[in-house]
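Notes follow the structure.
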Number of protein chains: 2
Amino acid sequence: MKIAIDAWGGDFAPHEILKGVKESYTEDCSLILVGPREQLIRLYSEYQMDEARFPIENAPQIIAMDENPTEAVRKKPLSSICRGIQLLAEKKVDAFVSAGSTGAVMAAAWLGLERIAGVERPAIVTSIPNSRAYTLLLDVGANVDCKPRHLLHFAVMGAEYAKITLGLDNPKVGLLSIGEEENKGNELSKAAYKLLKSREHMLNFDFIGNVEGYNIVDGKADVVVCDGFTGNALLKFGEGIIELIFKIIRENVTEPALVMRIKETWKAFDWSEYGGAPLLGVEGVCLICHGKTRAKGIKSAILKAKELVENGIVPAIRERLSRLNTEEARGAK
Amino acid sequence: MKIAIDAWGGDFAPHEILKGVKESYTEDCSLILVGPREQLIRLYSEYQMDEARFPIENAPQIIAMDENPTEAVRKKPLSSICRGIQLLAEKKVDAFVSAGSTGAVMAAAWLGLERIAGVERPAIVTSIPNSRAYTLLLDVGANVDCKPRHLLHFAVMGAEYAKITLGLDNPKVGLLSIGEEENKGNELSKAAYKLLKSREHMLNFDFIGNVEGYNIVDGKADVVVCDGFTGNALLKFGEGIIELIFKIIRENVTEPALVMRIKETWKAFDWSEYGGAPLLGVEGVCLICHGKTRAKGIKSAILKAKELVENGIVPAIRERLSRLNTEEARGAK
């Protein structure tokens, strides 16, 4: 297996990226660092890494976190993000991991990668801790204006992802709304409810109907589906609340032993450690990590990339969508 | 001043409501309890309350928390919610406070109360703690499908509300989006951005442009405006996260002194204690409290209702919207 890693993406690149990659070395998987060759070679000597174990894909251009994503991707084809996506598009690698600008990775993936046949829109899926394990939330930013059909596809893709990463046979998938009853919600969610309900017998999961914001963290659903605007706002609001709560607690609690224990609790909520959010629906495994990802997060992302490649997330989605589209066409006859 | 309180609304009604009302007694304000007279009279003897100080408005019907709101409101004109709204509509009271079904209060207000002239849609505004005070978020559920113009009006109403409740002269108002740049967001938020920007010189606040989910809690904005679907989902997600974090902390922390201190921290985040979320844009002060509101929350709500009536939130919104509409008409000529 071959995984390309953006050596120059994220607030703690390149050092934390290199550390994470070095610690992820195994014989059965080639880890390719994408970034400016000369600088990488200097860093390799510092970190006692070598090109035999960690091949370099030269990418002399750098996309900054605050650049306009679409412009940056157009202007910088030799950036680490564009080169990484290119390697994936050419099937020279099985997966690409980046902690660089989310917008730029998305733009590059949008332009450079093929969509899986039958998928109308890709979606970014993220894992959120709940009271017993994780709930997967999608889309968290790939598509801000969605149609009911996009949400149906998000549900199918999210369910396949849940089967692999949560080890579930029949994941419970909920549609985000503002009340449980089917007549609750906005135009999009109400239409999506009807569509999902009408396809229930064709689906690869247990559609549990509408769920509310708190159901993302109470364990009721394994997967929650929403448009990318709402999902992105939710995710960032959640990050903000968690940060604020722990800030206040730290101000009130000074005992070292306790501060330590609270830090440990906090880790369960530190989304930058989760190993990245995949862009589902494209031909290839593409993991977008939090900009604040450090070595540990890169390690998790590499492990997750391996897991997704080994368990065939791309063929699983391809096969599922194809089957759904066939059954829909048959039903329409 | 006269304030009507729904004696039969919420998970802890009628006992906690009565306790809260009793503790809120002052000579300058008449507190009218709306509920089934006979049962209230029996409770009055238990709580040593009397009709001279706490007049009763008989409302023999009860709307349960899980009833279909619109149907319940149509079928039960003698419910505490409908009678309370009716008192407000007839200007027999200055404010109405209910911890009953949010949907039913909204439906009753929608049917029974006039909109303030010039307001296209009412909105529910809620206060969320940030690192220094509170950020006001609206709409959190009154309008799930919004137009840019609705968001403009929410911003104007939210700013007037911030002036009164946060004591600010020139509140900072942000538009919820998924990036700070003006071209970030969904169709609605991008169009609303343009509209707000084009009206900037006519506004009663400092429009700070797009804000992201975490800006609701980091103190960047005093008011954040969004559609009611996103706002409701955010609010409930936030509640869920807070509950989950404190549950995990409690499991890890057992020292009584510390448990106490963490409980105190938690109180700052307990939205059921905040004294209700007003429905802005209707003729009258109508406060919707959390279903889990206890006596303390009812006391806060009564105080907030007084503050809003005394400071003339309704005339302030009326005057502001009228001025905006006039200036827009002049600009269009």
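FYI, nothing fancy with the structure tokens labels: chains A, B, ... in order, residues from 1 per chain, ligands from 1 as they appear.
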
Problem - Backbone-only DSSP, alpha helix (DSSP H) members of range 103-144 of chain B, as a ChimeraX atom specification - result: /B:103-112

Output C-alpha atoms of each residue in that selection to a file, as a short mmCIF file (atom, residue, chain, number, x, y, z; two decimals), in the first residue's frame.
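File written: again.cif
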data_model
loop_
_atom_site.label_atom_id
_atom_site.label_comp_id
_atom_site.auth_asym_id
_atom_site.auth_seq_id
_atom_site.Cartn_x
_atom_site.Cartn_y
_atom_site.Cartn_z
CA GLY B 103 -43.97 24.67 19.20
CA ALA B 104 -47.36 25.35 20.77
CA VAL B 105 -46.31 28.75 22.14
CA MET B 106 -44.98 29.66 18.72
CA ALA B 107 -48.09 28.42 16.95
CA ALA B 108 -50.37 30.29 19.38
CA ALA B 109 -48.28 33.46 19.05
CA TRP B 110 -48.23 33.10 15.27
CA LEU B 111 -52.01 32.84 15.14
CA GLY B 112 -52.89 35.16 18.01
#

Neighbours of Glu328 in chain A within 10 Å (only C-alpha atoms; same-chain residues fewer than 6 positions away dropped), as a PDB file with all heavy atoms, in the first residue's frame?
ATOM      1  N   ARG A 199     -37.122   5.038   0.006  1.00  0.00           N
ATOM      2  CA  ARG A 199     -36.054   4.138  -0.455  1.00  0.00           C
ATOM      3  C   ARG A 199     -35.655   3.134   0.627  1.00  0.00           C
ATOM      4  O   ARG A 199     -34.675   2.410   0.459  1.00  0.00           O
ATOM      5  CB  ARG A 199     -34.805   4.947  -0.832  1.00  0.00           C
ATOM      6  CG  ARG A 199     -35.002   5.983  -1.926  1.00  0.00           C
ATOM      7  CD  ARG A 199     -35.274   5.326  -3.260  1.00  0.00           C
ATOM      8  NE  ARG A 199     -35.308   6.285  -4.350  1.00  0.00           N
ATOM      9  CZ  ARG A 199     -36.413   6.883  -4.789  1.00  0.00           C
ATOM     10  NH1 ARG A 199     -37.586   6.634  -4.216  1.00  0.00           N
ATOM     11  NH2 ARG A 199     -36.366   7.729  -5.802  1.00  0.00           N
ATOM     12  N   MET A 202     -34.327  -0.233   0.019  1.00  0.00           N
ATOM     13  CA  MET A 202     -33.145  -0.347  -0.855  1.00  0.00           C
ATOM     14  C   MET A 202     -31.859   0.015  -0.124  1.00  0.00           C
ATOM     15  O   MET A 202     -30.788   0.007  -0.725  1.00  0.00           O
ATOM     16  CB  MET A 202     -33.267   0.617  -2.043  1.00  0.00           C
ATOM     17  CG  MET A 202     -34.548   0.524  -2.827  1.00  0.00           C
ATOM     18  SD  MET A 202     -34.586   1.846  -4.078  1.00  0.00           S
ATOM     19  CE  MET A 202     -36.226   1.566  -4.792  1.00  0.00           C
ATOM     20  N   SER A 322     -24.326   2.064  -6.973  1.00  0.00           N
ATOM     21  CA  SER A 322     -24.730   1.463  -8.238  1.00  0.00           C
ATOM     22  C   SER A 322     -25.997   0.628  -8.017  1.00  0.00           C
ATOM     23  O   SER A 322     -26.953   0.687  -8.790  1.00  0.00           O
ATOM     24  CB  SER A 322     -23.576   0.626  -8.783  1.00  0.00           C
ATOM     25  OG  SER A 322     -24.053  -0.499  -9.464  1.00  0.00           O
TER      26      SER A 322
END

Problem - Residue among B:Ala7, B:Leu287, B:Leu234, B:Ile208 lying closest to chain A, counting only C-alpha atoms - result: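 Answer, going by the shortest atom-to-atom distance: B:Leu234.
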
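Distance check against Ser24 in chain B using only C-alpha atoms: of B:Arg121, B:Arg320, B:Lys75, B:Lys304, the minimum falls on B:Lys304.
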
Exercise for the section: Using only C-alpha atoms, find which residues of chain A lie within 8 Å of chain B and jot them down as a count of residues only. Expected result: 38

Practice task
Could you please determine the separation between CA of Ala159 in chain A and CA of Ile124 in chain A in Å, to one decimal place?
Solution key: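 About the pair CA of Ala159 in chain A and CA of Ile124 in chain A: they are 13.2 Å apart.
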
Problem - Near-His201 in chain A list (12 Å; only C-alpha atoms; drop same-chain fewer than 3 positions) as a ChimeraX atom specification - result: /A:195-198,204-207,324,327-328,331
